[in-house]
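Peer 1: The structure file protein28.tsv (TSV, C-alpha atoms) is provided below.
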```
chain	number	residue	atom	x	y	z
A	1	MET	CA	15.40	18.55	3.04
A	2	ARG	CA	16.04	15.98	0.32
A	3	ARG	CA	18.85	14.43	2.37
A	4	ASP	CA	16.56	14.05	5.40
A	5	TYR	CA	13.90	12.22	3.37
A	6	LEU	CA	16.51	9.99	1.74
A	7	ARG	CA	17.83	9.03	5.17
A	8	ARG	CA	14.25	8.25	6.27
A	9	SER	CA	13.74	6.06	3.19
A	10	ILE	CA	16.97	4.17	3.93
A	11	ARG	CA	15.73	3.47	7.47
A	12	ILE	CA	12.38	2.29	6.08
A	13	SER	CA	14.14	0.01	3.57
A	14	ALA	CA	16.11	-1.57	6.43
A	15	ALA	CA	12.79	-2.40	8.10
A	16	PHE	CA	11.70	-4.15	4.89
A	17	VAL	CA	14.69	-6.49	5.10
A	18	ALA	CA	13.59	-7.59	8.57
A	19	SER	CA	9.99	-7.93	7.37
A	20	PHE	CA	11.12	-9.98	4.37
A	21	LEU	CA	12.94	-12.38	6.70
A	22	LEU	CA	9.76	-12.68	8.77
A	23	VAL	CA	7.69	-13.52	5.69
A	24	GLY	CA	10.31	-16.01	4.53
A	25	THR	CA	10.29	-17.87	7.84
A	26	GLY	CA	6.65	-18.80	7.81
A	27	ALA	CA	4.65	-15.75	8.91
A	28	LEU	CA	1.02	-16.47	8.10
A	29	GLY	CA	-1.05	-14.32	5.78
A	30	GLU	CA	-4.36	-14.34	3.97
A	31	VAL	CA	-4.53	-16.53	0.83
A	32	VAL	CA	-7.28	-16.47	-1.79
A	33	GLN	CA	-7.46	-18.34	-5.07
A	34	LYS	CA	-9.83	-18.35	-8.02
A	35	GLY	CA	-9.01	-20.63	-10.92
A	36	ASP	CA	-5.24	-20.60	-11.41
A	37	VAL	CA	-4.70	-17.17	-9.81
A	38	ARG	CA	-3.50	-17.11	-6.21
A	39	VAL	CA	-2.98	-13.97	-4.10
A	40	THR	CA	-1.13	-14.08	-0.78
A	41	PHE	CA	-1.33	-11.07	1.52
A	42	LEU	CA	0.39	-10.39	4.83
A	43	SER	CA	-0.20	-7.31	6.98
A	44	GLN	CA	0.90	-6.13	10.40
A	45	ILE	CA	-0.40	-3.13	12.35
A	46	SER	CA	1.39	-1.51	15.27
A	47	PRO	CA	0.86	-0.75	18.06
A	48	TYR	CA	-1.36	-3.66	19.06
A	49	ARG	CA	-3.18	-1.67	21.76
A	50	LEU	CA	-5.31	1.25	20.58
A	51	PRO	CA	-7.82	3.62	22.19
A	52	ARG	CA	-11.45	2.57	22.19
A	53	SER	CA	-12.83	5.87	20.84
A	54	GLU	CA	-10.25	8.50	19.77
A	55	PRO	CA	-8.18	7.40	16.69
A	56	ALA	CA	-4.46	7.04	17.43
A	57	PRO	CA	-1.45	6.90	15.07
A	58	ILE	CA	-0.62	3.49	13.61
A	59	LYS	CA	2.02	2.04	11.30
A	60	VAL	CA	1.18	-0.63	8.74
A	61	PHE	CA	3.36	-3.26	7.06
A	62	VAL	CA	1.99	-4.88	3.90
A	63	ALA	CA	3.37	-7.69	1.75
A	64	GLY	CA	1.63	-9.19	-1.27
A	65	HIS	CA	2.34	-11.88	-3.84
A	66	VAL	CA	0.44	-12.70	-7.03
A	67	ALA	CA	1.11	-15.98	-8.84
A	68	SER	CA	-0.33	-18.46	-11.29
A	69	THR	CA	-0.65	-21.98	-9.88
A	70	THR	CA	0.26	-23.38	-13.30
A	71	GLY	CA	3.63	-21.64	-13.26
A	72	GLY	CA	2.75	-19.37	-16.18
A	73	VAL	CA	2.37	-15.61	-16.39
A	74	PRO	CA	-0.48	-14.31	-14.17
A	75	PRO	CA	-3.27	-12.42	-15.93
A	76	GLN	CA	-2.94	-8.64	-16.01
A	77	LEU	CA	-4.20	-6.89	-12.89
A	78	GLN	CA	-6.37	-4.07	-14.24
A	79	ARG	CA	-7.95	-2.51	-11.15
A	80	MET	CA	-7.86	-2.65	-7.36
A	81	LYS	CA	-10.34	-1.55	-4.71
A	82	ILE	CA	-9.39	-1.37	-1.04
A	83	GLU	CA	-12.07	-0.75	1.59
A	84	VAL	CA	-10.76	0.26	5.02
A	85	ASN	CA	-12.67	-0.52	8.21
A	86	ARG	CA	-14.63	2.48	9.50
A	87	HIS	CA	-12.49	2.38	12.67
A	88	GLY	CA	-9.49	3.39	10.53
A	89	LEU	CA	-8.89	6.96	9.39
A	90	LEU	CA	-6.70	8.50	6.68
A	91	ARG	CA	-6.02	12.07	7.76
A	92	SER	CA	-4.32	14.43	5.29
A	93	ALA	CA	-5.41	17.85	6.64
A	94	GLY	CA	-2.39	20.14	6.71
A	95	LEU	CA	-0.07	17.61	5.07
A	96	PRO	CA	1.57	18.73	1.79
A	97	SER	CA	0.13	17.08	-1.31
A	98	CYS	CA	1.91	15.57	-4.30
A	99	ARG	CA	0.51	15.83	-7.83
A	100	ILE	CA	0.90	13.22	-10.57
A	101	PRO	CA	2.86	15.40	-13.09
A	102	GLN	CA	5.54	16.02	-10.45
A	103	ILE	CA	6.53	12.34	-10.31
A	104	ARG	CA	5.14	10.69	-13.48
A	105	THR	CA	8.55	10.34	-15.21
A	106	ALA	CA	10.76	10.74	-12.13
A	107	SER	CA	13.39	8.46	-10.66
A	108	THR	CA	13.08	7.60	-6.97
A	109	ALA	CA	15.52	10.39	-6.04
A	110	ALA	CA	13.70	12.91	-8.26
A	111	ALA	CA	10.31	11.91	-6.82
A	112	LEU	CA	11.63	12.45	-3.29
A	113	GLU	CA	13.06	15.80	-4.35
A	114	ALA	CA	9.69	16.89	-5.76
A	115	CYS	CA	7.31	15.41	-3.18
A	116	GLY	CA	9.35	14.40	-0.13
A	117	PRO	CA	7.20	16.37	2.32
A	118	ALA	CA	4.15	14.35	1.17
A	119	LEU	CA	5.82	10.95	1.70
A	120	ILE	CA	3.63	8.53	3.71
A	121	GLY	CA	5.30	5.19	2.95
A	122	SER	CA	8.00	3.34	1.07
A	123	GLY	CA	8.84	-0.14	-0.11
A	124	ARG	CA	10.08	-2.44	-2.85
A	125	PHE	CA	8.61	-4.51	-5.65
A	126	TRP	CA	9.74	-7.54	-7.62
A	127	ALA	CA	8.53	-7.93	-11.20
A	128	HIS	CA	9.11	-9.55	-14.59
A	129	ILE	CA	9.68	-7.39	-17.66
A	130	VAL	CA	7.97	-8.81	-20.73
A	131	LEU	CA	9.82	-7.99	-23.97
A	132	ALA	CA	8.79	-9.16	-27.44
A	133	ASP	CA	10.25	-12.54	-28.44
A	134	GLN	CA	12.31	-12.77	-25.23
A	135	PRO	CA	11.93	-14.66	-21.94
A	136	ALA	CA	10.50	-12.59	-19.06
A	137	TYR	CA	13.28	-10.59	-17.41
A	138	PRO	CA	13.25	-10.40	-13.57
A	139	THR	CA	13.78	-6.99	-12.01
A	140	GLN	CA	13.10	-5.11	-8.79
A	141	GLY	CA	12.82	-1.51	-7.73
A	142	ARG	CA	11.58	1.08	-5.28
A	143	MET	CA	8.03	2.10	-4.40
A	144	LEU	CA	7.18	5.44	-2.81
A	145	ILE	CA	3.74	6.30	-1.43
A	146	PHE	CA	2.66	9.96	-1.35
A	147	SER	CA	-0.35	11.82	-0.05
A	148	GLY	CA	-1.80	13.25	-3.25
A	149	ARG	CA	-4.51	15.51	-4.52
A	150	GLU	CA	-6.18	16.16	-7.86
A	151	GLY	CA	-8.40	19.21	-7.69
A	152	SER	CA	-10.49	18.71	-4.55
A	153	ARG	CA	-10.05	14.92	-4.52
A	154	GLN	CA	-7.82	13.25	-1.93
A	155	MET	CA	-5.55	10.61	-3.47
A	156	VAL	CA	-2.82	8.16	-2.56
A	157	LEU	CA	-0.09	8.09	-5.23
A	158	VAL	CA	2.08	4.97	-5.64
A	159	HIS	CA	5.33	5.73	-7.50
A	160	ILE	CA	7.18	2.76	-9.02
A	161	PHE	CA	10.73	2.99	-10.38
A	162	THR	CA	13.26	0.46	-11.65
A	163	ALA	CA	16.66	1.12	-13.20
A	164	SER	CA	17.02	-2.19	-15.06
A	165	PRO	CA	16.98	-3.34	-17.77
A	166	PHE	CA	16.20	0.32	-18.58
A	167	PRO	CA	14.95	3.20	-16.38
A	168	SER	CA	11.15	3.00	-16.03
A	169	SER	CA	8.70	4.81	-13.76
A	170	PHE	CA	4.93	4.63	-13.28
A	171	VAL	CA	2.38	6.28	-11.02
A	172	ILE	CA	-0.69	4.41	-9.76
A	173	PRO	CA	-3.27	6.90	-8.40
A	174	PHE	CA	-5.70	5.64	-5.76
A	175	THR	CA	-8.76	7.86	-5.37
A	176	VAL	CA	-9.96	8.14	-1.75
A	177	SER	CA	-13.70	8.27	-1.03
A	178	ARG	CA	-15.78	8.05	2.16
A	179	THR	CA	-18.89	5.99	2.85
A	180	ARG	CA	-21.35	6.14	5.73
A	181	GLY	CA	-22.63	3.16	7.63
A	182	GLY	CA	-21.58	-0.44	7.27
A	183	THR	CA	-18.29	-2.11	8.13
A	184	TYR	CA	-16.04	-0.06	5.86
A	185	GLY	CA	-15.72	3.72	5.89
A	186	THR	CA	-12.95	4.59	3.40
A	187	THR	CA	-12.49	3.25	-0.12
A	188	LEU	CA	-9.36	3.50	-2.27
A	189	THR	CA	-9.78	2.69	-5.97
A	190	ALA	CA	-7.12	2.54	-8.69
A	191	PRO	CA	-7.14	1.57	-12.36
A	192	LEU	CA	-3.68	0.26	-13.17
A	193	PRO	CA	-1.99	2.11	-16.06
A	194	GLN	CA	-2.16	0.24	-19.36
A	195	ALA	CA	1.54	0.93	-19.76
A	196	LEU	CA	2.26	-1.08	-16.62
A	197	GLY	CA	0.52	-4.11	-18.10
A	198	ASP	CA	2.41	-3.77	-21.37
A	199	TRP	CA	5.69	-3.39	-19.47
A	200	GLY	CA	5.39	-6.54	-17.42
A	201	TYR	CA	3.78	-7.86	-14.25
A	202	VAL	CA	4.54	-7.33	-10.57
A	203	ASP	CA	5.10	-10.55	-8.62
A	204	ARG	CA	5.59	-9.23	-5.10
A	205	ILE	CA	5.49	-6.02	-3.09
A	206	LYS	CA	6.47	-4.99	0.43
A	207	LEU	CA	5.44	-1.67	1.98
A	208	ASN	CA	5.79	0.16	5.25
A	209	LEU	CA	3.15	2.86	5.75
A	210	GLY	CA	3.20	5.50	8.45
A	211	ARG	CA	3.65	9.27	8.64
A	212	GLU	CA	3.38	11.62	11.60
A	213	TYR	CA	3.55	15.39	11.24
A	214	ARG	CA	2.83	18.60	13.15
A	215	ILE	CA	0.41	21.40	12.34
A	216	ARG	CA	0.58	24.49	14.55
A	217	GLY	CA	2.24	22.43	17.27
A	218	ARG	CA	-0.36	19.66	17.15
A	219	LYS	CA	0.94	16.16	16.43
A	220	LEU	CA	-1.06	14.38	13.71
A	221	SER	CA	-0.76	11.12	11.76
A	222	TYR	CA	-1.85	10.10	8.26
A	223	PHE	CA	-2.83	6.58	9.39
A	224	ASN	CA	-5.01	6.28	12.50
A	225	ALA	CA	-7.26	3.67	14.11
A	226	THR	CA	-9.30	2.73	17.16
A	227	CYS	CA	-9.93	-0.73	18.60
A	228	PRO	CA	-13.63	-1.64	18.10
A	229	ALA	CA	-13.94	-3.70	21.27
A	230	LEU	CA	-17.38	-4.03	22.85
A	231	PRO	CA	-18.00	-2.30	26.19
A	232	GLY	CA	-16.35	-4.31	28.95
A	233	ALA	CA	-14.06	-6.22	26.55
A	234	ASP	CA	-10.32	-5.51	26.44
A	235	ARG	CA	-9.70	-6.80	22.91
A	236	ALA	CA	-11.42	-7.34	19.56
A	237	ALA	CA	-11.04	-9.19	16.28
A	238	PHE	CA	-12.33	-7.38	13.22
A	239	PRO	CA	-11.99	-7.14	9.39
A	240	VAL	CA	-9.47	-4.33	8.95
A	241	ALA	CA	-9.83	-4.17	5.15
A	242	ARG	CA	-11.49	-5.76	2.14
A	243	THR	CA	-9.55	-5.77	-1.13
A	244	VAL	CA	-10.95	-6.71	-4.54
A	245	PHE	CA	-8.55	-7.57	-7.40
A	246	TYR	CA	-9.82	-7.24	-10.97
A	247	PHE	CA	-7.77	-9.37	-13.38
A	248	GLU	CA	-8.13	-9.27	-17.15
A	249	GLY	CA	-10.69	-11.81	-18.36
A	250	ARG	CA	-11.43	-13.09	-14.84
A	251	LYS	CA	-14.13	-12.61	-12.23
A	252	PRO	CA	-13.24	-10.23	-9.37
A	253	LEU	CA	-11.13	-11.82	-6.64
A	254	PRO	CA	-12.09	-10.48	-3.16
A	255	MET	CA	-9.98	-10.80	-0.02
A	256	ILE	CA	-10.84	-9.85	3.58
A	257	VAL	CA	-7.95	-9.13	5.95
A	258	ASN	CA	-8.76	-9.80	9.61
A	259	LYS	CA	-6.82	-8.44	12.58
A	260	ALA	CA	-7.00	-8.32	16.36
A	261	CYS	CA	-6.34	-5.41	18.71
A	262	GLY	CA	-6.23	-4.68	22.41
A	263	VAL	CA	-7.82	-1.71	24.17
A	264	ARG	CA	-5.62	1.06	25.50
A	265	GLU	CA	-7.61	3.19	27.92
```
Output the file's structure as structure tokens, nothing else.
Peer 2:
Amino acid sequence: MRRDYLRRSIRISAAFVASFLLVGTGALGEVVQKGDVRVTFLSQISPYRLPRSEPAPIKVFVAGHVASTTGGVPPQLQRMKIEVNRHGLLRSAGLPSCRIPQIRTASTAAALEACGPALIGSGRFWAHIVLADQPAYPTQGRMLIFSGREGSRQMVLVHIFTASPFPSSFVIPFTVSRTRGGTYGTTLTAPLPQALGDWGYVDRIKLNLGREYRIRGRKLSYFNATCPALPGADRAAFPVARTVFYFEGRKPLPMIVNKACGVRE
């Protein structure tokens, strides 16, 4: 089983290389800035055509970059809130769940060994390690995304691991909650571990999200969406998500990600 999930992760990582080339050649994303903090965010959803009413499986690519316009160290990111459009659905029923103690101090391979069946995404991050009395040290590593649970609460667990300059791993738990009415129907909230801020700061991330599975012969997907086109229209443009970044000592920095979709009858 472990070998199968490792092969899947290798295939996902290959997709990141292609996505990185796309970002590097001028793909447009959302950019927000407040003071000297600038956040750039690129997302892609496939397929483009979706049903009008019944949610269908989707795959999501996400790339983000945080920087200081002065060239210095960005302020510490302390909390994130992601609100997903009510036409999107995170479905975990029947999917195995991962728990934080299983992966808290694990390498990427150990995390896959412990929670591979709950894997819903994978990616990479680029960061700078901040050590006392030394220049910031650039590093990079793997990110794994698992469907998680704590008691009765649904969670999304982000596992971060780097092998240099010394092995380090962190888990960022996003709590999933539902809301009724309004534009957004699902909210993911995460306080970033204090240890992550002391360790350094993440410059850039790239993620591919998507997991299909079967329960009693029925094909299901963790990520699902419909196209909210008006009756008679064959396409729609809509805010797919609203993200709020909470940086230390700064006012919240909100970002709305807009996308378009076509109707698949």
Peer 1: With range 245-248 of chain A as the partner and 9 Å as the cut-off, tabulate the residues of range 43-110 of chain A that qualify, each row holding the nearest pair of atoms and their distance in Å to one decimal, using all atoms listed in the file, sorted by chain and rising number, as JSON lines.
Peer 2:
```
{"residue": "A:Pro74", "atom": "CA", "partner": "A:Phe247", "partner_atom": "CA", "distance": 8.8}
{"residue": "A:Pro75", "atom": "CA", "partner": "A:Glu248", "partner_atom": "CA", "distance": 5.9}
{"residue": "A:Gln76", "atom": "CA", "partner": "A:Glu248", "partner_atom": "CA", "distance": 5.4}
{"residue": "A:Leu77", "atom": "CA", "partner": "A:Phe247", "partner_atom": "CA", "distance": 4.4}
{"residue": "A:Gln78", "atom": "CA", "partner": "A:Phe247", "partner_atom": "CA", "distance": 5.5}
{"residue": "A:Arg79", "atom": "CA", "partner": "A:Tyr246", "partner_atom": "CA", "distance": 5.1}
{"residue": "A:Met80", "atom": "CA", "partner": "A:Phe245", "partner_atom": "CA", "distance": 5.0}
{"residue": "A:Lys81", "atom": "CA", "partner": "A:Phe245", "partner_atom": "CA", "distance": 6.8}
{"residue": "A:Ile82", "atom": "CA", "partner": "A:Phe245", "partner_atom": "CA", "distance": 8.9}
```
Peer 1: Include C-alpha atoms and write out the residues we just selected as a PDB file, in the coordinates of the input.
Peer 2:
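Produced file part.pdb, reproduced below:
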```pdb
ATOM      1  CA  PRO A  74      -0.480 -14.310 -14.170  1.00  0.00           C
ATOM      2  CA  PRO A  75      -3.270 -12.420 -15.930  1.00  0.00           C
ATOM      3  CA  GLN A  76      -2.940  -8.640 -16.010  1.00  0.00           C
ATOM      4  CA  LEU A  77      -4.200  -6.890 -12.890  1.00  0.00           C
ATOM      5  CA  GLN A  78      -6.370  -4.070 -14.240  1.00  0.00           C
ATOM      6  CA  ARG A  79      -7.950  -2.510 -11.150  1.00  0.00           C
ATOM      7  CA  MET A  80      -7.860  -2.650  -7.360  1.00  0.00           C
ATOM      8  CA  LYS A  81     -10.340  -1.550  -4.710  1.00  0.00           C
ATOM      9  CA  ILE A  82      -9.390  -1.370  -1.040  1.00  0.00           C
TER      10      ILE A  82
END
```
Peer 1: Which polymer residues, whether protein, DNA or RNA, lie within 10 Å of the coordinate (-0.5, 12.6, -10.2) when you count all atoms listed in the file? List them as an NGL selection string, using the chain letters and numbers from the file.
Peer 2: :A and (97-104 or 146 or 148-150 or 155-159 or 171-174)
Peer 1: Measuring between only C-alpha atoms, which one of A:Ser43, A:Thr189, A:Asn224, A:Ser147 shows the shortest distance to Val257 in chain A?
Peer 2: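 So, comparing all the options, the nearest one is A:Ser43.
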Peer 1: Quick one: distance from CA of Lys206 in chain A to CA of Gly262 in chain A in Å, one decimal?
Peer 2: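 Value for the CA of Lys206 in chain A-CA of Gly262 in chain A distance: 25.4 Å.
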Peer 1: Using only C-alpha atoms, which of the listed residues (A:Gly200, A:Gly185, A:Pro252, A:Pro228) sits closest to Arg49 in chain A?
Peer 2: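 Answer, going by the shortest atom-to-atom distance: A:Pro228.
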Peer 1: How many Å separate CA of Glu265 in chain A from CA of Ala237 in chain A?
Peer 2: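 Between CA of Glu265 in chain A and CA of Ala237 in chain A the gap works out to 17.3 Å.
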Peer 1: At a cut-off of 9 Å, using only C-alpha atoms, what residues contact range 125-129 of chain A? Leave out same-chain residues fewer than 3 positions from it and give the result as a ChimeraX atom specification.
Peer 2: /A:135-143,160,165,198-207
Peer 1: Could range 87-98 of chain A be completed with N, CA and C atoms and returned as an mmCIF file, in the frame of the given file?
Peer 2:
```
data_model
loop_
_atom_site.group_PDB
_atom_site.id
_atom_site.type_symbol
_atom_site.label_atom_id
_atom_site.label_comp_id
_atom_site.auth_asym_id
_atom_site.auth_seq_id
_atom_site.Cartn_x
_atom_site.Cartn_y
_atom_site.Cartn_z
ATOM 1 N N HIS A 87 -13.258 2.008 11.488
ATOM 2 C CA HIS A 87 -12.490 2.380 12.670
ATOM 3 C C HIS A 87 -11.082 2.850 12.305
ATOM 4 N N GLY A 88 -10.754 2.839 11.007
ATOM 5 C CA GLY A 88 -9.490 3.390 10.530
ATOM 6 C C GLY A 88 -9.721 4.728 9.860
ATOM 7 N N LEU A 89 -8.736 5.610 9.918
ATOM 8 C CA LEU A 89 -8.890 6.960 9.390
ATOM 9 C C LEU A 89 -7.628 7.390 8.658
ATOM 10 N N LEU A 90 -7.792 7.876 7.428
ATOM 11 C CA LEU A 90 -6.700 8.500 6.680
ATOM 12 C C LEU A 90 -6.859 10.013 6.825
ATOM 13 N N ARG A 91 -5.909 10.639 7.476
ATOM 14 C CA ARG A 91 -6.020 12.070 7.760
ATOM 15 C C ARG A 91 -4.916 12.817 7.012
ATOM 16 N N SER A 92 -5.309 13.690 6.079
ATOM 17 C CA SER A 92 -4.320 14.430 5.290
ATOM 18 C C SER A 92 -4.367 15.934 5.541
ATOM 19 N N ALA A 93 -5.268 16.407 6.402
ATOM 20 C CA ALA A 93 -5.410 17.850 6.640
ATOM 21 C C ALA A 93 -4.086 18.449 7.094
ATOM 22 N N GLY A 94 -3.624 19.460 6.364
ATOM 23 C CA GLY A 94 -2.390 20.140 6.710
ATOM 24 C C GLY A 94 -1.137 19.493 6.180
ATOM 25 N N LEU A 95 -1.236 18.294 5.625
ATOM 26 C CA LEU A 95 -0.070 17.610 5.070
ATOM 27 C C LEU A 95 0.127 18.048 3.619
ATOM 28 N N PRO A 96 1.354 18.368 3.198
ATOM 29 C CA PRO A 96 1.570 18.730 1.790
ATOM 30 C C PRO A 96 1.094 17.634 0.861
ATOM 31 N N SER A 97 0.632 18.028 -0.316
ATOM 32 C CA SER A 97 0.130 17.080 -1.310
ATOM 33 C C SER A 97 1.062 16.994 -2.508
ATOM 34 N N CYS A 98 1.150 15.802 -3.076
ATOM 35 C CA CYS A 98 1.910 15.570 -4.300
ATOM 36 C C CYS A 98 0.916 15.484 -5.464
#
```
